[in-house]
file coords13.txt (compact mmCIF, C-alpha atoms and all ligand atoms)
# COMPACT_ATOMS: atom_id res chain seq x y z
CA MET A 1 111.15 152.31 87.29
CA GLY A 2 110.08 155.97 87.50
CA ARG A 3 108.94 157.91 90.49
CA PRO A 4 105.26 157.11 90.98
CA VAL A 5 102.91 160.06 91.12
CA SER A 6 99.43 160.21 92.44
CA PRO A 7 97.18 161.85 89.89
CA SER A 8 93.72 163.03 90.77
CA ASP A 9 92.19 159.59 90.17
CA GLY A 10 94.46 158.20 92.87
CA VAL A 11 96.15 155.60 90.66
CA ALA A 12 99.95 155.66 90.81
CA MET A 13 101.51 155.87 87.36
CA GLU A 14 104.95 156.08 85.86
CA LEU A 15 105.81 159.44 84.34
CA ALA A 16 106.56 159.49 80.62
CA ILE A 17 109.06 162.32 81.12
CA GLU A 18 110.62 163.77 84.24
CA VAL A 19 113.05 166.67 84.00
CA ARG A 20 114.76 168.14 87.07
CA GLY A 21 117.15 171.09 87.24
CA LEU A 22 118.12 170.61 83.61
CA ARG A 23 120.82 172.88 82.20
CA LYS A 24 122.67 173.08 78.91
CA GLU A 25 125.35 175.65 78.29
CA TYR A 26 127.33 176.40 75.14
CA SER A 27 130.29 178.50 76.30
CA ASP A 28 128.51 181.62 77.54
CA ILE A 29 125.05 180.75 76.15
CA LYS A 30 122.62 179.25 78.64
CA ALA A 31 120.43 177.40 76.15
CA VAL A 32 118.57 175.63 78.97
CA ASP A 33 118.87 177.34 82.31
CA GLY A 34 117.53 175.05 85.04
CA ILE A 35 114.11 173.70 84.10
CA ASP A 36 111.75 171.21 85.75
CA PHE A 37 108.70 169.55 84.28
CA GLU A 38 106.98 166.23 84.00
CA VAL A 39 104.74 164.67 81.38
CA ARG A 40 102.09 162.12 82.21
CA PRO A 41 101.51 159.15 79.95
CA GLY A 42 98.84 159.77 77.35
CA HIS A 43 99.12 163.54 77.60
CA ILE A 44 100.05 166.07 74.95
CA PHE A 45 102.60 168.36 76.57
CA SER A 46 103.65 171.51 74.77
CA LEU A 47 106.90 173.40 75.17
CA LEU A 48 105.90 176.82 73.93
CA GLY A 49 108.30 179.65 73.34
CA PRO A 50 109.86 182.09 70.88
CA ASN A 51 112.94 181.39 68.75
CA GLY A 52 115.97 180.51 70.82
CA ALA A 53 113.97 179.78 73.98
CA GLY A 54 115.67 176.38 74.38
CA LYS A 55 112.87 174.08 73.21
CA THR A 56 114.86 172.02 70.71
CA THR A 57 117.83 171.74 73.06
CA THR A 58 115.53 170.34 75.76
CA VAL A 59 113.95 167.89 73.35
CA GLU A 60 117.32 166.79 71.96
CA ILE A 61 118.55 166.01 75.46
CA LEU A 62 115.43 163.89 76.02
CA GLU A 63 116.07 162.16 72.69
CA GLY A 64 119.55 161.17 73.87
CA LEU A 65 121.23 163.39 71.26
CA ARG A 66 122.85 165.92 73.61
CA ASP A 67 124.36 165.64 77.06
CA PRO A 68 123.09 168.15 79.59
CA THR A 69 125.53 170.34 81.52
CA ALA A 70 123.63 169.54 84.73
CA GLY A 71 120.37 168.11 86.01
CA SER A 72 118.49 164.96 85.15
CA ALA A 73 116.21 163.89 82.35
CA LYS A 74 114.24 160.67 82.54
CA VAL A 75 112.04 159.01 79.95
CA PHE A 76 109.82 156.25 81.31
CA GLY A 77 111.97 156.27 84.44
CA VAL A 78 115.23 155.77 82.54
CA ASP A 79 118.03 158.35 82.80
CA VAL A 80 118.55 159.29 79.15
CA THR A 81 122.16 160.32 79.66
CA ARG A 82 123.08 156.84 80.93
CA ASP A 83 120.72 154.24 79.55
CA TYR A 84 119.12 155.76 76.50
CA ARG A 85 119.23 152.43 74.65
CA LYS A 86 116.80 150.97 77.15
CA ILE A 87 114.03 153.26 76.02
CA ARG A 88 115.11 153.95 72.42
CA GLU A 89 112.41 151.68 71.03
CA ARG A 90 109.67 153.40 72.98
CA VAL A 91 110.46 156.81 71.48
CA GLY A 92 109.72 158.31 68.04
CA VAL A 93 111.08 161.62 66.78
CA LEU A 94 110.05 164.22 64.22
CA PRO A 95 113.03 166.60 64.16
CA GLN A 96 112.64 170.32 63.59
CA ASP A 97 112.91 171.20 59.87
CA PHE A 98 112.52 167.55 58.85
CA GLU A 99 113.03 166.97 55.11
CA PRO A 100 112.58 163.52 53.56
CA PHE A 101 114.88 162.10 50.89
CA ASP A 102 113.59 163.61 47.65
CA ARG A 103 113.82 160.47 45.55
CA LEU A 104 112.20 157.98 47.92
CA ASN A 105 108.46 157.58 48.00
CA PRO A 106 106.70 157.28 51.38
CA ARG A 107 106.53 153.48 51.20
CA GLU A 108 110.27 153.25 50.51
CA ALA A 109 111.15 155.90 53.08
CA VAL A 110 109.27 154.10 55.86
CA GLY A 111 110.88 150.76 54.93
CA TYR A 112 114.36 152.30 54.77
CA TRP A 113 113.91 154.00 58.13
CA ALA A 114 112.75 150.75 59.72
CA SER A 115 115.84 148.96 58.36
CA LEU A 116 118.12 151.54 60.02
CA PHE A 117 116.62 150.56 63.34
CA ASP A 118 117.18 146.87 62.67
CA ARG A 119 113.49 146.41 62.44
CA ARG A 120 111.88 144.30 59.79
CA ILE A 121 108.65 145.91 58.71
CA THR A 122 106.08 144.03 56.67
CA ALA A 123 104.27 145.54 53.70
CA ALA A 124 101.08 145.46 55.76
CA GLU A 125 102.73 147.40 58.62
CA THR A 126 104.06 150.00 56.19
CA ALA A 127 100.61 150.36 54.66
CA ALA A 128 99.04 150.69 58.12
CA THR A 129 101.56 153.38 59.13
CA LEU A 130 100.92 155.36 55.95
CA GLU A 131 97.19 154.97 56.52
CA THR A 132 97.56 156.38 60.05
CA VAL A 133 99.14 159.55 58.70
CA GLY A 134 96.79 159.81 55.71
CA LEU A 135 99.36 159.11 53.00
CA THR A 136 97.91 155.94 51.48
CA SER A 137 97.11 157.59 48.16
CA ARG A 138 100.61 159.12 48.03
CA ALA A 139 102.52 155.97 48.97
CA GLU A 140 104.16 155.69 45.54
CA THR A 141 104.84 159.41 44.98
CA GLN A 142 108.45 160.56 45.22
CA ALA A 143 108.88 162.84 48.22
CA ILE A 144 110.01 165.73 46.04
CA HIS A 145 106.47 165.90 44.66
CA LEU A 146 104.72 165.89 48.06
CA SER A 147 103.23 169.06 49.56
CA GLY A 148 104.73 170.58 52.71
CA GLY A 149 101.99 169.04 54.85
CA GLU A 150 102.43 165.62 53.23
CA LYS A 151 106.19 165.75 53.84
CA ARG A 152 105.58 166.52 57.49
CA ARG A 153 103.13 163.60 57.70
CA LEU A 154 105.77 161.37 56.15
CA GLY A 155 108.13 162.53 58.90
CA ILE A 156 105.53 161.52 61.47
CA ALA A 157 105.11 158.14 59.74
CA MET A 158 108.86 157.61 60.11
CA ALA A 159 108.64 158.57 63.77
CA LEU A 160 105.93 155.93 64.22
CA VAL A 161 107.89 153.09 62.62
CA GLY A 162 109.04 151.62 65.92
CA LYS A 163 105.52 151.79 67.40
CA PRO A 164 106.67 154.26 70.06
CA ASP A 165 104.80 155.09 73.25
CA LEU A 166 106.25 158.63 73.28
CA VAL A 167 106.53 160.86 70.22
CA PHE A 168 108.57 164.07 70.06
CA LEU A 169 107.21 166.53 67.50
CA ASP A 170 109.51 169.55 67.15
CA GLU A 171 107.56 172.36 65.45
CA PRO A 172 105.49 169.97 63.34
CA THR A 173 103.35 172.62 61.65
CA THR A 174 105.79 175.47 61.14
CA GLY A 175 105.55 176.84 57.61
CA LEU A 176 102.37 174.97 56.69
CA ASP A 177 99.21 176.65 55.43
CA PRO A 178 96.18 176.82 57.77
CA GLY A 179 94.45 173.82 56.16
CA ALA A 180 97.52 171.60 56.40
CA ARG A 181 98.07 172.73 60.00
CA ARG A 182 94.54 171.70 60.93
CA GLU A 183 94.98 168.31 59.26
CA LEU A 184 98.11 167.74 61.31
CA TRP A 185 96.28 168.77 64.48
CA GLY A 186 93.73 166.05 63.68
CA LEU A 187 96.53 163.52 63.23
CA ILE A 188 98.20 164.55 66.51
CA ARG A 189 94.88 164.16 68.35
CA ALA A 190 94.41 160.74 66.75
CA LEU A 191 97.88 159.66 67.95
CA GLN A 192 96.90 160.68 71.45
CA SER A 193 93.61 158.78 71.19
CA GLY A 194 95.68 155.76 70.14
CA GLY A 195 97.42 155.95 73.53
CA LYS A 196 100.62 157.79 72.65
CA THR A 197 102.23 160.48 74.78
CA ILE A 198 103.32 163.51 72.79
CA LEU A 199 105.84 166.23 73.49
CA LEU A 200 105.07 169.03 71.07
CA THR A 201 107.25 172.08 70.69
CA THR A 202 105.71 175.04 68.97
CA HIS A 203 105.79 178.78 68.77
CA TYR A 204 102.13 178.81 67.71
CA LEU A 205 100.01 179.76 70.65
CA ASP A 206 96.77 178.56 69.08
CA GLU A 207 98.36 175.17 68.48
CA ALA A 208 99.26 174.73 72.13
CA GLU A 209 95.86 176.02 73.20
CA GLN A 210 94.06 173.62 70.86
CA LEU A 211 96.11 170.49 71.47
CA ALA A 212 97.96 170.51 74.74
CA ASP A 213 96.79 169.08 78.06
CA ASP A 214 99.71 170.90 79.68
CA VAL A 215 101.92 173.73 78.54
CA ALA A 216 105.28 175.04 79.70
CA ILE A 217 106.05 178.52 78.43
CA MET A 218 109.81 178.85 77.85
CA ASN A 219 111.87 181.97 77.39
CA HIS A 220 115.65 182.42 77.52
CA GLY A 221 116.18 178.84 78.69
CA ARG A 222 113.71 179.06 81.57
CA ILE A 223 110.15 177.99 82.13
CA VAL A 224 108.18 181.11 83.00
CA ALA A 225 104.77 179.45 83.49
CA ARG A 226 103.27 175.98 83.52
CA GLY A 227 99.79 174.54 83.57
CA SER A 228 96.89 173.55 81.37
CA PRO A 229 95.87 176.23 78.83
CA ASP A 230 92.76 176.93 80.91
CA GLN A 231 94.77 177.24 84.12
CA LEU A 232 97.24 179.62 82.49
CA ILE A 233 94.46 181.72 81.02
CA SER A 234 92.63 182.00 84.33
CA GLN A 235 95.85 182.60 86.28
CA TYR A 236 97.49 185.18 84.01
CA GLY A 237 94.75 186.22 81.64
CA ALA A 238 92.49 188.23 83.86
CA GLY A 239 90.30 190.76 82.11
CA THR A 240 88.69 191.18 78.74
CA THR A 241 90.02 191.82 75.26
CA ILE A 242 88.20 194.33 73.07
CA VAL A 243 88.62 193.46 69.40
CA LEU A 244 88.41 196.27 66.85
CA ALA A 245 88.01 194.13 63.76
CA GLY A 246 89.55 195.53 60.59
CA ALA A 247 91.00 198.59 62.34
CA GLY A 248 94.52 197.78 61.04
CA GLN A 249 97.49 200.11 61.20
CA ALA A 250 95.31 203.24 60.97
CA GLY A 251 93.29 202.18 64.02
CA TYR A 252 96.43 201.23 65.90
CA ASP A 253 98.02 204.61 65.15
CA ALA A 254 94.84 206.47 66.18
CA LEU A 255 94.77 204.68 69.55
CA GLN A 256 98.49 205.21 70.10
CA ALA A 257 98.03 208.92 69.43
CA ARG A 258 95.51 209.02 72.29
CA GLY A 259 97.72 207.02 74.64
CA ILE A 260 95.62 203.83 74.53
CA VAL A 261 97.74 200.68 74.76
CA ALA A 262 96.83 198.29 71.95
CA ARG A 263 98.33 195.62 69.76
CA GLN A 264 97.70 194.35 66.26
CA GLU A 265 96.71 190.84 65.24
CA ASN A 266 95.71 189.80 61.71
CA GLY A 267 94.49 193.23 60.70
CA ASN A 268 92.56 193.68 63.95
CA VAL A 269 93.50 195.93 66.84
CA LEU A 270 93.17 194.54 70.37
CA VAL A 271 92.78 196.53 73.55
CA HIS A 272 93.16 194.65 76.82
CA VAL A 273 91.08 195.74 79.80
CA ASP A 274 92.08 194.33 83.19
CA ASP A 275 88.97 195.34 85.09
CA PRO A 276 85.61 194.35 83.56
CA SER A 277 84.07 197.54 84.92
CA GLN A 278 86.28 199.48 82.48
CA VAL A 279 84.97 197.65 79.42
CA ARG A 280 82.04 199.99 78.90
CA TRP A 281 84.09 203.11 79.31
CA THR A 282 86.86 201.84 77.03
CA LEU A 283 84.37 200.70 74.40
CA ALA A 284 82.73 204.13 74.35
CA LYS A 285 86.10 205.81 74.04
CA VAL A 286 87.50 203.66 71.22
CA ALA A 287 84.18 203.74 69.36
CA SER A 288 84.37 207.52 69.22
CA ILE A 289 87.79 207.50 67.54
CA GLU A 290 87.79 207.70 63.75
CA MET A 291 89.23 204.52 62.22
CA PRO A 292 88.37 201.81 59.70
CA LEU A 293 86.19 199.30 61.51
CA LYS A 294 84.22 196.19 60.51
CA GLU A 295 82.88 195.36 63.94
CA ILE A 296 83.67 195.61 67.65
CA TYR A 297 83.40 192.67 70.02
CA THR A 298 84.86 191.46 73.28
CA ARG A 299 86.39 188.09 74.02
CA ARG A 300 88.03 186.33 76.92
CA PRO A 301 91.84 186.31 76.86
CA THR A 302 93.58 183.58 74.87
CA LEU A 303 96.84 181.81 75.54
CA GLU A 304 98.41 184.40 73.25
CA ASP A 305 97.33 187.18 75.58
CA VAL A 306 98.88 185.26 78.49
CA PHE A 307 102.07 184.65 76.53
CA LEU A 308 102.46 188.29 75.56
CA ARG A 309 101.80 189.36 79.10
CA LEU A 310 104.39 186.96 80.51
CA ILE A 311 107.19 187.40 78.01
CA GLY A 312 105.99 189.94 75.49
CA SER A 313 108.30 192.63 76.71
CA HIS A 314 111.29 190.38 76.11
CA MET A 315 110.27 189.36 72.63
CA LYS A 316 111.72 190.88 69.52
CA GLU A 317 109.11 192.18 67.15
CA GLY A 318 107.68 189.47 64.93
CA VAL A 319 109.38 186.60 66.71
CA LEU A 320 106.15 184.67 66.80
CA ALA A 321 105.59 185.18 63.11
CA GLU A 322 107.01 182.67 60.70
N1 LIG B 401 125.13 173.61 69.14
C1 LIG B 401 124.96 174.85 69.63
N2 LIG B 401 126.00 175.66 69.87
C2 LIG B 401 125.85 176.90 70.38
N3 LIG B 401 124.65 177.43 70.68
C3 LIG B 401 123.57 176.68 70.45
C4 LIG B 401 123.65 175.35 69.92
N4 LIG B 401 122.38 174.85 69.82
C5 LIG B 401 121.56 175.81 70.26
N5 LIG B 401 122.26 176.91 70.64
C6 LIG B 401 121.70 178.15 71.20
O1 LIG B 401 120.89 177.79 72.30
C7 LIG B 401 119.73 178.61 72.36
C8 LIG B 401 118.49 177.74 72.34
O2 LIG B 401 118.36 177.13 71.05
P1 LIG B 401 117.19 176.12 70.70
O3 LIG B 401 117.43 175.67 69.28
O4 LIG B 401 117.10 175.09 71.75
O5 LIG B 401 115.91 177.07 70.76
P2 LIG B 401 114.43 176.81 70.26
O6 LIG B 401 113.53 177.24 71.36
O7 LIG B 401 114.28 175.45 69.73
O8 LIG B 401 114.30 177.87 69.08
P3 LIG B 401 113.52 177.78 67.66
O9 LIG B 401 112.11 178.21 67.95
O10 LIG B 401 114.24 178.79 66.81
O11 LIG B 401 113.63 176.40 67.14
C9 LIG B 401 119.83 179.57 71.20
O12 LIG B 401 120.42 180.77 71.66
C10 LIG B 401 120.76 178.86 70.24
O13 LIG B 401 121.44 179.78 69.43
MG MG B 402 113.72 174.68 67.95
call {"tool": "encode", "arguments": {"input": "coords13.txt", "output": "structure tokens"}}
result
Amino acid sequence: MGRPVSPSDGVAMELAIEVRGLRKEYSDIKAVDGIDFEVRPGHIFSLLGPNGAGKTTTVEILEGLRDPTAGSAKVFGVDVTRDYRKIRERVGVLPQDFEPFDRLNPREAVGYWASLFDRRITAAETAATLETVGLTSRAETQAIHLSGGEKRRLGIAMALVGKPDLVFLDEPTTGLDPGARRELWGLIRALQSGGKTILLTTHYLDEAEQLADDVAIMNHGRIVARGSPDQLISQYGAGTTIVLAGAGQAGYDALQARGIVARQENGNVLVHVDDPSQVRWTLAKVASIEMPLKEIYTRRPTLEDVFLRLIGSHMKEGVLAE
């Protein structure tokens, strides 16, 4: 089967996903422009990138839905462009923008989905799947009456119907409120604890930082950085971030007027300092500038800081916002 690798514990294992030189072109658009990555079994791997980076195209090739222009894509050692059927049963998919059938309830939807895959599913299995995703109390509620988070969990239940080893989650929390996002994070962690491998695409940096063992940052069809969140932060996130909490637009404008490079995040203004020896000087300077301020503190860089540093200059304003 797949190319064995030797992880740090020395035990050879089959890769869940192996992508080499993958390309996908649509006339003059290079949606995926020569990428390489691998995903180890049991890991959560995140493809992170702004709109149009090529995340969904990559995932759809791995799901056997699109043929690549060039390169290879293997799932559990099987070339997906040739023998996708061999691994179909080991893979579950939550598509981007998933919407369930309005008039089916979760119990019916899971049963219907199983029947499409020629799989008989018992009432007990349906109940267990709905339990896994936390929808037991909503099993008889028509999908049209479910909340956004519940609909997404129903989508994950449908992805789990075939008891897959590998689950693709394409932007599973986009558009959900913070509480529903956190609930889904808990579910995704539980799937990993249950032994599943997960490929998660997201444009939420905190999501990748919280969940992923490994991250590939994509932009314009290419992978611009790869590693664990900690590795990426220590490799590209040198320095310290000074947070001017509550400084808002007025604080941002005041800093800009004095030539201090800053950015805004949730009503706060952030100033990045590369060299720790400059922290004191910069703090004294920004503290002397008149602006609305709740508090000042410093923090180590996050994955978001790394992301903005790597591809920020190529991003359109607001592309990371919903
Ligand atoms: N069927 C298609 N025909 C032509 N262009 C396409 C097609 N599918 C995708 N593209 C283009 O390929 C590029 C990558 O799209 P893709 O959907 O893979 O990005 P993404 O990273 O998933 O973005 P998003 O965060 O918006 O979901 C975009 O420029 C998109 O417009
Ligand atoms: Mg997408």
call {"tool": "closest_residue", "arguments": {"input": "coords13.txt", "among": "A:Leu130, A:Leu303, A:Ile223, A:Leu160", "to": "ligand LIG 401 (chain B)", "atoms": "only C-alpha atoms and all ligand atoms"}}
result
A:Ile223
call {"tool": "residues_near_ligand", "arguments": {"input": "coords13.txt", "ligand": "ligand MG 402 (chain B)", "cutoff": "8 Å", "atoms": "only C-alpha atoms and all ligand atoms", "output": "MDAnalysis selection string"}}
result
chainID A and resid 51:57 96 170:171 201
call {"tool": "closest_residue", "arguments": {"input": "coords13.txt", "among": "A:Gly21, A:Gly49, A:Gly34, A:Pro229", "to": "ligand LIG 401 (chain B)", "atoms": "all atoms listed in the file"}}
result
A:Gly49
call {"tool": "atom_distance", "arguments": {"input": "coords13.txt", "atom1": "atom CA of A:Gly195", "atom2": "atom CA of A:Val91"}}
result
13.2 Å
call {"tool": "atom_distance", "arguments": {"input": "coords13.txt", "atom1": "atom CA of A:Ala31", "atom2": "atom CA of A:Val59"}}
result
11.8 Å
call {"tool": "residues_around", "arguments": {"input": "coords13.txt", "residues": "A:Thr136", "least_positions_apart": "2", "cutoff": "12 Å", "atoms": "only C-alpha atoms", "output": "list in words"}}
result
Asn105, Pro106, Arg107, Ala124, Thr126, Ala127, Ala128, Thr129, Leu130, Glu131, Thr132, Val133, Gly134, Arg138, Ala139, Glu140, Thr141, Glu150, Arg153, Leu154 and Ala157 of chain A
call {"tool": "residues_near_point", "arguments": {"input": "coords13.txt", "point": "(103.0, 153.1, 71.8)", "cutoff": "12 Å", "atoms": "all atoms listed in the file", "output": "VMD selection string"}}
result
chain A and resid 16 41 to 42 87 89 to 92 159 to 167 191 to 198
call {"tool": "atom_distance", "arguments": {"input": "coords13.txt", "atom1": "atom CA of A:Gln231", "atom2": "atom CA of A:Asp213"}}
result
10.4 Å
call {"tool": "residues_near_ligand", "arguments": {"input": "coords13.txt", "ligand": "ligand LIG 401 (chain B)", "cutoff": "12 Å", "atoms": "only C-alpha atoms and all ligand atoms", "output": "PDB file with C-alpha atoms, in the frame of the given file"}}
result
ATOM      1  CA  ARG A  23     120.820 172.880  82.200  1.00  0.00           C
ATOM      2  CA  LYS A  24     122.670 173.080  78.910  1.00  0.00           C
ATOM      3  CA  GLU A  25     125.350 175.650  78.290  1.00  0.00           C
ATOM      4  CA  TYR A  26     127.330 176.400  75.140  1.00  0.00           C
ATOM      5  CA  SER A  27     130.290 178.500  76.300  1.00  0.00           C
ATOM      6  CA  ASP A  28     128.510 181.620  77.540  1.00  0.00           C
ATOM      7  CA  ILE A  29     125.050 180.750  76.150  1.00  0.00           C
ATOM      8  CA  LYS A  30     122.620 179.250  78.640  1.00  0.00           C
ATOM      9  CA  ALA A  31     120.430 177.400  76.150  1.00  0.00           C
ATOM     10  CA  VAL A  32     118.570 175.630  78.970  1.00  0.00           C
ATOM     11  CA  ASP A  33     118.870 177.340  82.310  1.00  0.00           C
ATOM     12  CA  SER A  46     103.650 171.510  74.770  1.00  0.00           C
ATOM     13  CA  LEU A  47     106.900 173.400  75.170  1.00  0.00           C
ATOM     14  CA  LEU A  48     105.900 176.820  73.930  1.00  0.00           C
ATOM     15  CA  GLY A  49     108.300 179.650  73.340  1.00  0.00           C
ATOM     16  CA  PRO A  50     109.860 182.090  70.880  1.00  0.00           C
ATOM     17  CA  ASN A  51     112.940 181.390  68.750  1.00  0.00           C
ATOM     18  CA  GLY A  52     115.970 180.510  70.820  1.00  0.00           C
ATOM     19  CA  ALA A  53     113.970 179.780  73.980  1.00  0.00           C
ATOM     20  CA  GLY A  54     115.670 176.380  74.380  1.00  0.00           C
ATOM     21  CA  LYS A  55     112.870 174.080  73.210  1.00  0.00           C
ATOM     22  CA  THR A  56     114.860 172.020  70.710  1.00  0.00           C
ATOM     23  CA  THR A  57     117.830 171.740  73.060  1.00  0.00           C
ATOM     24  CA  THR A  58     115.530 170.340  75.760  1.00  0.00           C
ATOM     25  CA  VAL A  59     113.950 167.890  73.350  1.00  0.00           C
ATOM     26  CA  GLU A  60     117.320 166.790  71.960  1.00  0.00           C
ATOM     27  CA  ILE A  61     118.550 166.010  75.460  1.00  0.00           C
ATOM     28  CA  LEU A  65     121.230 163.390  71.260  1.00  0.00           C
ATOM     29  CA  ARG A  66     122.850 165.920  73.610  1.00  0.00           C
ATOM     30  CA  ASP A  67     124.360 165.640  77.060  1.00  0.00           C
ATOM     31  CA  PRO A  68     123.090 168.150  79.590  1.00  0.00           C
ATOM     32  CA  PRO A  95     113.030 166.600  64.160  1.00  0.00           C
ATOM     33  CA  GLN A  96     112.640 170.320  63.590  1.00  0.00           C
ATOM     34  CA  ASP A  97     112.910 171.200  59.870  1.00  0.00           C
ATOM     35  CA  LEU A 169     107.210 166.530  67.500  1.00  0.00           C
ATOM     36  CA  ASP A 170     109.510 169.550  67.150  1.00  0.00           C
ATOM     37  CA  GLU A 171     107.560 172.360  65.450  1.00  0.00           C
ATOM     38  CA  PRO A 172     105.490 169.970  63.340  1.00  0.00           C
ATOM     39  CA  THR A 174     105.790 175.470  61.140  1.00  0.00           C
ATOM     40  CA  LEU A 200     105.070 169.030  71.070  1.00  0.00           C
ATOM     41  CA  THR A 201     107.250 172.080  70.690  1.00  0.00           C
ATOM     42  CA  THR A 202     105.710 175.040  68.970  1.00  0.00           C
ATOM     43  CA  HIS A 203     105.790 178.780  68.770  1.00  0.00           C
ATOM     44  CA  TYR A 204     102.130 178.810  67.710  1.00  0.00           C
ATOM     45  CA  ALA A 216     105.280 175.040  79.700  1.00  0.00           C
ATOM     46  CA  ILE A 217     106.050 178.520  78.430  1.00  0.00           C
ATOM     47  CA  MET A 218     109.810 178.850  77.850  1.00  0.00           C
ATOM     48  CA  ASN A 219     111.870 181.970  77.390  1.00  0.00           C
ATOM     49  CA  HIS A 220     115.650 182.420  77.520  1.00  0.00           C
ATOM     50  CA  GLY A 221     116.180 178.840  78.690  1.00  0.00           C
ATOM     51  CA  ARG A 222     113.710 179.060  81.570  1.00  0.00           C
ATOM     52  CA  ILE A 223     110.150 177.990  82.130  1.00  0.00           C
ATOM     53  CA  VAL A 319     109.380 186.600  66.710  1.00  0.00           C
ATOM     54  CA  LEU A 320     106.150 184.670  66.800  1.00  0.00           C
ATOM     55  CA  ALA A 321     105.590 185.180  63.110  1.00  0.00           C
ATOM     56  CA  GLU A 322     107.010 182.670  60.700  1.00  0.00           C
TER      57      GLU A 322
END
call {"tool": "residues_around", "arguments": {"input": "coords13.txt", "residues": "stretch 80-84 of chain A", "least_positions_apart": "3", "cutoff": "7 Å", "atoms": "all atoms listed in the file", "output": "list in words"}}
result
Leu62, Gly64, Asp67, Ala73, Lys74, Val75, Ile87 and Arg88 of chain A
call {"tool": "axis_aligned_box", "arguments": {"input": "coords13.txt", "around": "stretch 251-259 of chain A", "padding_each_side": "4 Å", "output": "AutoDock Vina command-line options"}}
result
--center_x 95.9 --center_y 205.1 --center_z 69.3 --size_x 13.2 --size_y 15.8 --size_z 18.6
call {"tool": "residues_around", "arguments": {"input": "coords13.txt", "residues": "A:Asp214", "least_positions_apart": "2", "cutoff": "8 Å", "atoms": "all atoms listed in the file", "output": "mmCIF file with C-alpha atoms, in the frame of the given file"}}
result
data_model
loop_
_atom_site.group_PDB
_atom_site.id
_atom_site.type_symbol
_atom_site.label_atom_id
_atom_site.label_comp_id
_atom_site.auth_asym_id
_atom_site.auth_seq_id
_atom_site.Cartn_x
_atom_site.Cartn_y
_atom_site.Cartn_z
ATOM 1 C CA HIS A 43 99.120 163.540 77.600
ATOM 2 C CA ILE A 44 100.050 166.070 74.950
ATOM 3 C CA PHE A 45 102.600 168.360 76.570
ATOM 4 C CA SER A 46 103.650 171.510 74.770
ATOM 5 C CA ALA A 212 97.960 170.510 74.740
ATOM 6 C CA ALA A 216 105.280 175.040 79.700
ATOM 7 C CA ARG A 226 103.270 175.980 83.520
ATOM 8 C CA GLY A 227 99.790 174.540 83.570
ATOM 9 C CA SER A 228 96.890 173.550 81.370
ATOM 10 C CA PRO A 229 95.870 176.230 78.830
#
call {"tool": "residues_near_point", "arguments": {"input": "coords13.txt", "point": "(91.6, 189.9, 75.7)", "cutoff": "6 Å", "atoms": "only C-alpha atoms", "output": "list of chain:residue names"}}
result
A:Thr240, A:Thr241, A:His272, A:Arg299, A:Arg300, A:Pro301
call {"tool": "closest_residue", "arguments": {"input": "coords13.txt", "among": "A:Ile260, A:Val271, A:Val39, A:Ile156", "to": "A:Leu135", "atoms": "only C-alpha atoms"}}
result
A:Ile156
call {"tool": "residues_around", "arguments": {"input": "coords13.txt", "residues": "A:Thr282", "least_positions_apart": "3", "cutoff": "9 Å", "atoms": "all atoms listed in the file", "output": "list in words"}}
result
Ile242, Val271, Val273, Gln278, Val279, Lys285, Val286 and Ala287 of chain A
call {"tool": "residues_around", "arguments": {"input": "coords13.txt", "residues": "A:Ile289", "least_positions_apart": "3", "cutoff": "10 Å", "atoms": "only C-alpha atoms", "output": "list in words"}}
result
Gly251, Ala254, Leu255, Arg258, Ala284, Lys285, Val286 and Pro292 of chain A
call {"tool": "closest_residue", "arguments": {"input": "coords13.txt", "among": "A:Tyr297, A:Phe76, A:Tyr112, A:Phe101", "to": "A:Arg280", "atoms": "only C-alpha atoms"}}
result
A:Tyr297
